[in-house]
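Chemist: So that we are looking at the same thing, I have put the structure below in structure tokens.
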Amino acid sequence: MRALDRKLLRDFSRLWAQALAIALVLACGVAILLTTFGTYVSLEETRTAYYERNRFADVFADATRAPRWLMSEIRRIDGVRAAEARISEFAVLDVPGHDEVVTARILSLPDDGPPRLNLPLLRQGRLPHPDASDEVVVNAPFAAANGLLPGDEITANLGGARRRLTITGTVLSPEFIYTIGPAALMPDNQTFGIMWMPEIAAAAAFDMEGAFNNVTLSLGPEAREDDVIERLDELLERYGGLGAYGRDRQESNSFIESELQQQRTGAMILPPIFYAISAFLVSMVIGRIVALERSEIGLLKAVGYSNGEICLHYLLLAGLIALAGTLLGWAFGTWLARALARLYAQFFDFPYLIYNLSPGAYALSGLLAVASGALGATRSALTAARMPPAVAMSPPAPPRFNRTLLDRAMTLLRVSQPVMMILRSLMHWPLRSAATSLGLALAVAVLVASSFFSSALDMLIETTFDRSNRQDAILQFEPEIAESALSEVIRLPGVLRAEGQQHQPAVLRHGHLQKDVVVRASRPGADLARIIATDGHAVEPPRHGVLLSDRLAAQLDAAPGDIIEMEFRRKIDEIHRVPVAGIVTQYIGLAAYMDLRTMNALLRQTPRLTVANLQIDGAALPELNRVLKQTPELNGLVRIDRMQRSFEDTIRKNVIIMTGIYMTVAVLITVGVAYNGARIQLSERARELASLRILGFSRAEVSFILIGETMLLTLVAQPFGWLFGAWIASALAAGSTSDLYEIPLVLEPAGFARASLVVLASALMAALVVRRRLDGLDLVQVMKTRE
């Protein structure tokens, strides 16, 4: 082994503490890149394989009642590779041992064999016999949540008649990876499930012989989806078509796509921060080593080592640090990526998980780590290589300092000597001081960005549940009922208050932009389901015009006063021109709001309702559930308290996990920056601090100089960290927004305060660790050394 190689290993061993601090920061970047990329790739490849193997459809459409012969026309649409008609209805179930009302979506199975599209994957038992009238299969999560097994029986209200059905098996379907019921915000497998039954039985139960109300299409590789959707809408229009849509609007797939988008956003924003900080820390350490080893560099050149070898030596030292960080990051990132992928696989009801974190991901993260280390060391390595031997063997010229306005101001203010030394040091090395503050500011930014999630969750829950949806439950009717029936609803057991609403699917157009949404109409004075304006106050539905949710208005490029076109699905074929009366806040889904009288007038119908919002006496719930299970018109019951509890439990658990990860990362950044800065400061000012001790300064006063500089830089970093954190939080919120939901950008003062306290405490801890070295300084030996 050459002498230069032995020196490399000795230097790395001697600098193990500083190297470890840098390696941990670098490992965070590597781990987060692997985690986000690994989770994204695993979810994407699992979804793709599942869709391909089980023939997930490309286009979906619903209608009121379309004749079977229309399928021949649909199959002749250019680009359609396969098409399958189905019967899709909702039913209320009576599940043994379950007191609450349970809702199921029922889908028909073809009578000539297994489905051609959206093929259910059998998990237990068998599929129903095509001629059976009382056999069904259910989705596996629903069966597991309710303890159902093949052979068990349940009672269902099918088309107004109660029927006993036998479960023959459990399945999973690519169409229901994320199973969410009507009007729900989160999956609730106990109260909502999917059931498949033979087509003959479904047609007889729902009076759909020779007809269908749902169709799915598979497209060829050269098909134009927009053209297919347009032609399909034309064919279904006269049969109450609700508007065809592609996978991007299919509910289950949309949730998965939103999660994938969040992973992509995280991969683009967070890892670069850690790589940049690591490059800065490497630059600090290698730069100081080169300054301290001038004589060694001159000696190495004098005995024949070339400039290239000297340069490579210091680059290799940075490379060893990068290698350590890469290995740590690979280990932690692999574990975390696998854990998150398994969690997502359970959350999204995948039948299997394809974990395929490719070698390319490891190579990319490692190359970026090495590149950041090399980038940080390049300037110092080139300085060492270009230094002539004679110059290197000579002591460095002392820095030339001039008396500045700051010095005069400190003299006039009678600033103490230790404080003056701290301020002069910062002013004499402005670039290094600024870079150190920047690194600490990024640590603050990471914590500010993480605290935003918790505040956003609180805001979302407060707006969605406490201020907007204040009802205890939502009754859904199919078909819609007369508004006069609300008097019957109020007489149900335990119902203290009932308010009706009408939800109608519609197409809204503004110029060349259009959006399929649900228009919600209610009476003025409704208090259980309120409309919240952007200023946070409840508003009444407009007598003339429509209120748009903020994201819907942005997608339509519509503002108050604009005229938009509204075409109701399932209703008379008319286009209504209505003004935009205002913009309201809505974090879950997209919707528009109208006065119930206005909607009924536009549709030229007597007052109708599709849902009833209820305030319920909890003590009477068992009796209410018993009655509702026997109500033929009921399409489903959504318990708002269950929905809120499920939403909070799921989201808050994720927020706690992510906040813990971000806090760990921020502490590592702070310790890495502060520790290395203090160590370099100690090595540069050892003679100065030793001199102060000899002159009679106490250990506390000398320690104050060492710690004070680190803490002052940390204080300076706070406002910049707040700004960076607000920007990162804004980018994360924007990257997480979709048609399904929006994460509000809420930045509370408490979040900024917590971020600052954590970073200040971590910096103080790192500085105190370095300060302990002051006690071990040999004052005589230090005074003999030369810079």
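In the structure tokens, each chain is lettered A, B, ... as it comes, each chain's residues begin at 1, and ligands are numbered from 1 in order of appearance.
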Taking 3 positions as the minimum chain separation for residues in the same chain, which residues sit within 12 Å of A:Ala374 when counting only C-alpha atoms? Answer as an MDAnalysis selection string.
Modeler: chainID A and resid 275:276 278:283 286 311:323 367:371 377:382
Chemist: Residues of the last selection are to be written out with N, CA and C atoms, as an mmCIF file, in the first residue's frame.
Modeler:
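Result written to again.cif:
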```cif
data_model
loop_
_atom_site.group_PDB
_atom_site.id
_atom_site.type_symbol
_atom_site.label_atom_id
_atom_site.label_comp_id
_atom_site.auth_asym_id
_atom_site.auth_seq_id
_atom_site.Cartn_x
_atom_site.Cartn_y
_atom_site.Cartn_z
ATOM 1 N N TYR A 275 -28.588 16.312 -0.736
ATOM 2 C CA TYR A 275 -27.366 16.240 -1.534
ATOM 3 C C TYR A 275 -26.637 17.590 -1.528
ATOM 4 N N ALA A 276 -27.386 18.680 -1.598
ATOM 5 C CA ALA A 276 -26.759 20.004 -1.588
ATOM 6 C C ALA A 276 -26.090 20.284 -0.241
ATOM 7 N N SER A 278 -24.953 18.078 1.853
ATOM 8 C CA SER A 278 -23.783 17.200 1.958
ATOM 9 C C SER A 278 -22.606 17.772 1.194
ATOM 10 N N ALA A 279 -22.871 18.311 0.004
ATOM 11 C CA ALA A 279 -21.793 18.920 -0.777
ATOM 12 C C ALA A 279 -21.176 20.084 -0.021
ATOM 13 N N PHE A 280 -22.006 20.878 0.619
ATOM 14 C CA PHE A 280 -21.496 22.004 1.397
ATOM 15 C C PHE A 280 -20.643 21.534 2.573
ATOM 16 N N LEU A 281 -21.118 20.512 3.295
ATOM 17 C CA LEU A 281 -20.358 20.010 4.439
ATOM 18 C C LEU A 281 -19.026 19.410 4.009
ATOM 19 N N VAL A 282 -19.016 18.675 2.918
ATOM 20 C CA VAL A 282 -17.759 18.119 2.407
ATOM 21 C C VAL A 282 -16.804 19.242 2.040
ATOM 22 N N SER A 283 -17.342 20.293 1.430
ATOM 23 C CA SER A 283 -16.496 21.435 1.068
ATOM 24 C C SER A 283 -15.860 22.058 2.305
ATOM 25 N N ILE A 286 -13.120 19.313 3.762
ATOM 26 C CA ILE A 286 -11.938 19.139 2.902
ATOM 27 C C ILE A 286 -11.157 20.434 2.797
ATOM 28 N N CYS A 311 -4.629 15.779 -6.022
ATOM 29 C CA CYS A 311 -6.048 16.114 -6.224
ATOM 30 C C CYS A 311 -6.922 14.881 -5.997
ATOM 31 N N LEU A 312 -6.508 13.756 -6.557
ATOM 32 C CA LEU A 312 -7.283 12.528 -6.412
ATOM 33 C C LEU A 312 -7.361 12.076 -4.959
ATOM 34 N N HIS A 313 -6.301 12.312 -4.207
ATOM 35 C CA HIS A 313 -6.274 11.911 -2.799
ATOM 36 C C HIS A 313 -7.422 12.559 -2.032
ATOM 37 N N TYR A 314 -7.601 13.864 -2.191
ATOM 38 C CA TYR A 314 -8.663 14.549 -1.451
ATOM 39 C C TYR A 314 -10.049 14.242 -2.024
ATOM 40 N N LEU A 315 -10.110 14.004 -3.326
ATOM 41 C CA LEU A 315 -11.385 13.576 -3.892
ATOM 42 C C LEU A 315 -11.779 12.197 -3.362
ATOM 43 N N LEU A 316 -10.776 11.321 -3.187
ATOM 44 C CA LEU A 316 -11.073 9.996 -2.639
ATOM 45 C C LEU A 316 -11.527 10.075 -1.188
ATOM 46 N N LEU A 317 -10.981 11.032 -0.444
ATOM 47 C CA LEU A 317 -11.430 11.210 0.931
ATOM 48 C C LEU A 317 -12.912 11.588 0.954
ATOM 49 N N ALA A 318 -13.289 12.513 0.052
ATOM 50 C CA ALA A 318 -14.709 12.856 -0.071
ATOM 51 C C ALA A 318 -15.509 11.654 -0.546
ATOM 52 N N GLY A 319 -14.899 10.856 -1.434
ATOM 53 C CA GLY A 319 -15.587 9.668 -1.931
ATOM 54 C C GLY A 319 -15.858 8.642 -0.842
ATOM 55 N N LEU A 320 -14.919 8.490 0.102
ATOM 56 C CA LEU A 320 -15.142 7.560 1.211
ATOM 57 C C LEU A 320 -16.320 8.015 2.079
ATOM 58 N N ILE A 321 -16.404 9.325 2.303
ATOM 59 C CA ILE A 321 -17.538 9.847 3.068
ATOM 60 C C ILE A 321 -18.839 9.575 2.317
ATOM 61 N N ALA A 322 -18.809 9.832 0.990
ATOM 62 C CA ALA A 322 -20.002 9.584 0.176
ATOM 63 C C ALA A 322 -20.361 8.102 0.165
ATOM 64 N N LEU A 323 -19.342 7.244 0.128
ATOM 65 C CA LEU A 323 -19.598 5.802 0.130
ATOM 66 C C LEU A 323 -20.272 5.369 1.436
ATOM 67 N N LEU A 367 -24.695 7.391 -7.351
ATOM 68 C CA LEU A 367 -23.967 8.329 -8.209
ATOM 69 C C LEU A 367 -24.203 9.768 -7.776
ATOM 70 N N LEU A 368 -25.432 10.087 -7.408
ATOM 71 C CA LEU A 368 -25.720 11.442 -6.932
ATOM 72 C C LEU A 368 -24.985 11.723 -5.630
ATOM 73 N N ALA A 369 -24.873 10.714 -4.762
ATOM 74 C CA ALA A 369 -24.139 10.901 -3.514
ATOM 75 C C ALA A 369 -22.659 11.145 -3.784
ATOM 76 N N VAL A 370 -22.064 10.325 -4.664
ATOM 77 C CA VAL A 370 -20.649 10.509 -5.002
ATOM 78 C C VAL A 370 -20.440 11.847 -5.691
ATOM 79 N N ALA A 371 -21.377 12.206 -6.575
ATOM 80 C CA ALA A 371 -21.260 13.486 -7.289
ATOM 81 C C ALA A 371 -21.330 14.660 -6.329
ATOM 82 N N ALA A 377 -15.805 18.701 -2.788
ATOM 83 C CA ALA A 377 -14.365 18.628 -2.555
ATOM 84 C C ALA A 377 -13.541 19.178 -3.696
ATOM 85 N N THR A 378 -14.148 19.418 -4.858
ATOM 86 C CA THR A 378 -13.381 19.775 -6.054
ATOM 87 C C THR A 378 -12.554 21.036 -5.865
ATOM 88 N N ARG A 379 -13.152 22.075 -5.342
ATOM 89 C CA ARG A 379 -12.431 23.349 -5.217
ATOM 90 C C ARG A 379 -11.209 23.199 -4.317
ATOM 91 N N SER A 380 -11.385 22.552 -3.172
ATOM 92 C CA SER A 380 -10.266 22.385 -2.244
ATOM 93 C C SER A 380 -9.207 21.448 -2.818
ATOM 94 N N ALA A 381 -9.649 20.383 -3.502
ATOM 95 C CA ALA A 381 -8.700 19.445 -4.097
ATOM 96 C C ALA A 381 -7.868 20.122 -5.178
ATOM 97 N N LEU A 382 -8.493 20.957 -5.981
ATOM 98 C CA LEU A 382 -7.746 21.679 -7.015
ATOM 99 C C LEU A 382 -6.786 22.687 -6.394
#
```
Chemist: So which residues of stretch 192-309 of chain A fall under strand (DSSP E or B) by DSSP, listed as a list in words?
Modeler: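 Matching residues, listed in order: Phe192, Gly193, Ile194, Met195, Trp196, Met197, Pro198, Ala211, Phe212, Asn213, Asn214, Val215, Thr216, Leu217, Ser218, Leu219, Tyr245 and Gly246 of chain A.
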Chemist: Can those selected residues be exported to a file as a PDB file, in the first residue's frame so that it contains C-alpha atoms?
Modeler:
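What landed in again.pdb:
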```pdb
ATOM      1  CA  PHE A 192     -69.806  -1.013   2.179  1.00  0.00           C
ATOM      2  CA  GLY A 193     -68.942  -3.910  -0.092  1.00  0.00           C
ATOM      3  CA  ILE A 194     -69.058  -5.141  -3.672  1.00  0.00           C
ATOM      4  CA  MET A 195     -71.158  -8.134  -4.710  1.00  0.00           C
ATOM      5  CA  TRP A 196     -71.224 -10.025  -8.011  1.00  0.00           C
ATOM      6  CA  MET A 197     -74.253 -12.081  -8.975  1.00  0.00           C
ATOM      7  CA  PRO A 198     -75.305 -13.903 -12.176  1.00  0.00           C
ATOM      8  CA  ALA A 211     -81.107  -4.091 -20.812  1.00  0.00           C
ATOM      9  CA  PHE A 212     -77.991  -2.798 -19.089  1.00  0.00           C
ATOM     10  CA  ASN A 213     -77.000   0.361 -17.226  1.00  0.00           C
ATOM     11  CA  ASN A 214     -73.218   0.052 -17.124  1.00  0.00           C
ATOM     12  CA  VAL A 215     -70.691  -0.642 -19.846  1.00  0.00           C
ATOM     13  CA  THR A 216     -66.908  -0.976 -19.852  1.00  0.00           C
ATOM     14  CA  LEU A 217     -64.605  -0.837 -22.862  1.00  0.00           C
ATOM     15  CA  SER A 218     -61.086  -1.954 -23.638  1.00  0.00           C
ATOM     16  CA  LEU A 219     -59.279   0.054 -26.323  1.00  0.00           C
ATOM     17  CA  TYR A 245     -64.919   8.575 -18.701  1.00  0.00           C
ATOM     18  CA  GLY A 246     -61.463   7.039 -18.827  1.00  0.00           C
TER      19      GLY A 246
END
```
Chemist: Go through A:Met658, A:Leu4, A:Leu375, A:Ile588 one by one, measure the shortest atom-to-atom distance of each to A:Leu460 using only C-alpha atoms, and give the residue with the smallest value.
Modeler: A:Ile588
Chemist: Would you give me, as a JSON list (two decimals) with C-alpha atoms, in the first residue's frame, the residues in stretch 20-73 of chain A that DSSP reads as alpha helix (DSSP H)?
Modeler:
```
[["chain", "number", "residue", "atom", "x", "y", "z"],
["A", 20, "LEU", "CA", -20.29, 10.23, 10.12],
["A", 21, "ALA", "CA", -22.21, 13.48, 10.56],
["A", 22, "ILE", "CA", -21.92, 14.18, 6.84],
["A", 23, "ALA", "CA", -22.66, 10.57, 5.91],
["A", 24, "LEU", "CA", -25.89, 10.61, 7.93],
["A", 25, "VAL", "CA", -27.12, 13.70, 6.11],
["A", 26, "LEU", "CA", -26.18, 12.15, 2.79],
["A", 27, "ALA", "CA", -27.83, 8.88, 3.82],
["A", 28, "CYS", "CA", -31.10, 10.76, 4.35],
["A", 29, "GLY", "CA", -31.02, 11.96, 0.74],
["A", 30, "VAL", "CA", -30.21, 8.47, -0.53],
["A", 31, "ALA", "CA", -32.87, 6.84, 1.65],
["A", 32, "ILE", "CA", -35.63, 9.30, 0.73],
["A", 33, "LEU", "CA", -34.80, 8.96, -2.97],
["A", 34, "LEU", "CA", -34.91, 5.17, -2.70],
["A", 35, "THR", "CA", -38.08, 5.25, -0.60],
["A", 36, "THR", "CA", -40.07, 7.58, -2.83],
["A", 37, "PHE", "CA", -38.77, 6.02, -6.01],
["A", 38, "GLY", "CA", -39.09, 2.48, -4.66],
["A", 39, "THR", "CA", -42.64, 3.02, -3.41],
["A", 40, "TYR", "CA", -43.60, 4.65, -6.69],
["A", 41, "VAL", "CA", -42.09, 1.86, -8.81],
["A", 42, "SER", "CA", -43.60, -0.88, -6.64],
["A", 43, "LEU", "CA", -47.08, 0.63, -6.73],
["A", 44, "GLU", "CA", -46.86, 1.40, -10.44],
["A", 45, "GLU", "CA", -45.61, -2.03, -11.46],
["A", 46, "THR", "CA", -48.04, -3.83, -9.16],
["A", 47, "ARG", "CA", -50.93, -1.79, -10.55],
["A", 48, "THR", "CA", -49.81, -2.31, -14.15],
["A", 49, "ALA", "CA", -49.43, -6.08, -13.73],
["A", 50, "TYR", "CA", -52.77, -6.37, -11.93],
["A", 51, "TYR", "CA", -54.55, -4.34, -14.62],
["A", 52, "GLU", "CA", -53.03, -6.38, -17.44],
["A", 53, "ARG", "CA", -53.59, -9.80, -15.89],
["A", 70, "LEU", "CA", -76.96, -1.33, -28.48],
["A", 71, "MET", "CA", -73.83, -3.30, -27.58],
["A", 72, "SER", "CA", -73.32, -4.22, -31.25],
["A", 73, "GLU", "CA", -73.12, -0.50, -32.05]]
```
Chemist: List the spatial neighbours of A:Arg772 as a list in words - criterion: any atom at most 12 Å away, only C-alpha atoms, same-chain residues fewer than 5 positions off excluded.
Modeler: Ala678, Arg679, Leu682, Arg699, Ala700, Val702, Ser703, Leu706, Ile707, Met765, Ala766, Ala767 and Leu777 of chain A
Chemist: For the residues selected in the previous step, produce a file with N, CA and C atoms as a tab-separated table (two decimals), in the first residue's frame.
Modeler:
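Contents of the output file result.tsv:
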```
chain	number	residue	atom	x	y	z
A	678	ALA	N	-18.63	23.77	14.10
A	678	ALA	CA	-17.95	24.00	15.37
A	678	ALA	C	-16.57	23.33	15.40
A	679	ARG	N	-16.46	22.13	14.82
A	679	ARG	CA	-15.16	21.47	14.78
A	679	ARG	C	-14.14	22.26	13.97
A	682	LEU	N	-13.13	25.28	15.93
A	682	LEU	CA	-12.20	24.94	17.00
A	682	LEU	C	-10.79	24.72	16.45
A	699	ARG	N	-13.21	29.25	31.49
A	699	ARG	CA	-13.68	28.27	30.51
A	699	ARG	C	-15.05	28.65	29.96
A	700	ALA	N	-15.90	29.21	30.81
A	700	ALA	CA	-17.23	29.61	30.35
A	700	ALA	C	-17.13	30.69	29.27
A	702	VAL	N	-14.55	31.33	27.25
A	702	VAL	CA	-13.99	30.75	26.02
A	702	VAL	C	-15.03	29.87	25.33
A	703	SER	N	-15.77	29.10	26.11
A	703	SER	CA	-16.82	28.26	25.53
A	703	SER	C	-17.89	29.10	24.87
A	706	LEU	N	-16.97	29.86	21.34
A	706	LEU	CA	-17.13	28.71	20.44
A	706	LEU	C	-18.61	28.42	20.17
A	707	ILE	N	-19.39	28.37	21.25
A	707	ILE	CA	-20.81	28.03	21.10
A	707	ILE	C	-21.60	29.20	20.53
A	765	MET	N	-26.82	21.16	21.11
A	765	MET	CA	-26.29	19.86	21.49
A	765	MET	C	-25.01	19.55	20.73
A	766	ALA	N	-25.00	19.82	19.41
A	766	ALA	CA	-23.80	19.57	18.61
A	766	ALA	C	-22.64	20.45	19.06
A	767	ALA	N	-22.94	21.72	19.35
A	767	ALA	CA	-21.89	22.64	19.79
A	767	ALA	C	-21.33	22.23	21.15
A	777	LEU	N	-7.75	20.47	25.76
A	777	LEU	CA	-6.68	21.14	25.01
A	777	LEU	C	-5.42	21.25	25.87
```
Chemist: Would you mind listing what lies within 8 Å of A:Glu499 as a ChimeraX atom specification, with only C-alpha atoms counted and same-chain residues fewer than 6 positions away left out?
Modeler: /A:486,526,528,612-614
Chemist: For the residues in that selection, give me N, CA and C atoms as a tab-separated table (two decimals), in the first residue's frame.
Modeler:
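Listing of part-v8.tsv after writing:
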```tsv
chain	number	residue	atom	x	y	z
A	486	LEU	N	-90.12	13.73	2.85
A	486	LEU	CA	-89.25	14.09	3.97
A	486	LEU	C	-90.01	14.05	5.29
A	526	ALA	N	-80.68	25.59	5.19
A	526	ALA	CA	-80.19	24.26	5.56
A	526	ALA	C	-79.00	24.40	6.50
A	528	LEU	N	-77.62	21.38	8.33
A	528	LEU	CA	-76.88	20.14	8.55
A	528	LEU	C	-75.77	19.94	7.50
A	612	ALA	N	-81.18	12.57	2.13
A	612	ALA	CA	-81.70	13.26	3.31
A	612	ALA	C	-80.62	13.28	4.36
A	613	ASN	N	-80.30	14.46	4.86
A	613	ASN	CA	-79.31	14.62	5.92
A	613	ASN	C	-80.02	14.57	7.26
A	614	LEU	N	-79.51	13.72	8.16
A	614	LEU	CA	-80.21	13.44	9.40
A	614	LEU	C	-79.39	13.83	10.62
```
Chemist: Report as a list in words all protein, DNA and RNA residues lying within 7 Å of A:Ile531, evaluated on only C-alpha atoms, omitting residues in the same chain fewer than 3 positions from it.
Modeler: Ser468, Ala538, Val539 and Glu540 of chain A
Chemist: Using only C-alpha atoms, which residues sit within 10 Å of stretch 138-146 of chain A once same-chain residues fewer than 5 positions away are excluded, as a ChimeraX atom specification?
Modeler: /A:95-98,104-106,120-124,127,167-173,176,179,188-197,346,349,351
Chemist: So, with only C-alpha atoms as the atoms that count, which of A:Pro182, A:Pro560, A:Pro541, A:Gly511 lies closest to A:Thr103?
Modeler: A:Pro182
Chemist: Here is a test: counting only C-alpha atoms, which residue of A:Arg68, A:His576, A:Arg639, A:His537 is nearest to A:Ala601?
Modeler: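 Once distances to A:Ala601 are computed over only C-alpha atoms, the minimum belongs to A:His576.
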